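Undergrad: A single structure is presented below for examination.
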Amino acid sequence: MATRKQAVLRCINSGLAALDTSIARVPPKTTDAFYLSKEWRAVLASIIKQRGRVCQRCGRTGCRIFGDHIHELKDGGARFDPKNVMLLCGSCHTSKTTHAKARRAAKVW
Ligand SMILES: [Zn+2]
């Protein structure tokens with residue numbers, strides 16, 4: 001037996017078409033041109049030379065290292081300031097970026 005809340009929810013028509021996930025395509029991931037610039041690559045190379053190719057969060061070595069903006073560019077962080085850049089492995093970079101995106105999205109609401 002349905003509760004009153006379930007009965008009410010069943011009656012609501014969102015007006016939105018259902019998304020057919022079998023044909024929906026995820027847009028291809030794109031890289032911001034900034035991260036491909038000579039200026040950024042030079043700054044990152046300099047930071048790696050000074051600090052070593054080590055994840056500054058978990059200490060992992062022998063893997064790809066990302067230059068992560070501590071105060072993200074989308075939030076107004078300094079682009080080329082080494083003090084705003086932390087070297088992270090892929091796992092730590094994904095984790096940090098995901099949390100930053102979630103925080104940013106939460107501010108919208
Ligand atoms: Zn790490």
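Every chain in the structure tokens has a letter given in the order shown (A, B, ...), and although residue numbers restart at 1 in each chain, ligands are simply numbered from 1 in the order shown.
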Please identify every polymer residue within 8 Å of ligand 1, using only C-alpha atoms and all ligand atoms, and present the set as a list in words.

TA: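 Based on only C-alpha atoms and all ligand atoms, ligand 1 is surrounded within 8 Å by Cys55, Gln56, Arg57, Cys58, Gly59, Arg60, Leu88, Cys89, Gly90, Ser91, Cys92 and His93 of chain A.
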
Undergrad: Taking only C-alpha atoms into account, produce a table as JSON lines in which each residue of segment 22-48 of chain A with an atom at most 9 Å from an atom of segment 83-87 of chain A appears once, together with its shortest atom pair and the distance in Å to one decimal, ordered by chain and rising number.

TA:
```
{"residue": "A:Leu44", "atom": "CA", "partner": "A:Val85", "partner_atom": "CA", "distance": 8.4}
{"residue": "A:Ile47", "atom": "CA", "partner": "A:Leu87", "partner_atom": "CA", "distance": 8.2}
{"residue": "A:Ile48", "atom": "CA", "partner": "A:Leu87", "partner_atom": "CA", "distance": 7.6}
```

Undergrad: As a ChimeraX atom specification, please: all residues of chain A that backbone DSSP puts in strand (DSSP E).

TA: /A:65-69,85-89

Undergrad: Which one is closest to Tyr35 of chain A: A:Lys96, A:Lys49, A:His69, A:Lys107? Count only C-alpha atoms.

TA: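 Among the listed residues, the smallest separation from Tyr35 of chain A belongs to A:His69.
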
Undergrad: Rounded to one decimal place, report the atom CA of Arg53 of chain A-atom CA of Ser37 of chain A distance in Å.

TA: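 Separating atom CA of Arg53 of chain A from atom CA of Ser37 of chain A is a distance of 20.1 Å.
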
Undergrad: Compare A:Gly15, A:Ala106, A:Trp40, A:Thr31 by their minimum atom-to-atom distance to Ala78 of chain A, counting only C-alpha atoms, and give me the closest one.

TA: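 Ranking A:Gly15, A:Ala106, A:Trp40, A:Thr31 by distance to Ala78 of chain A, first place goes to A:Trp40.
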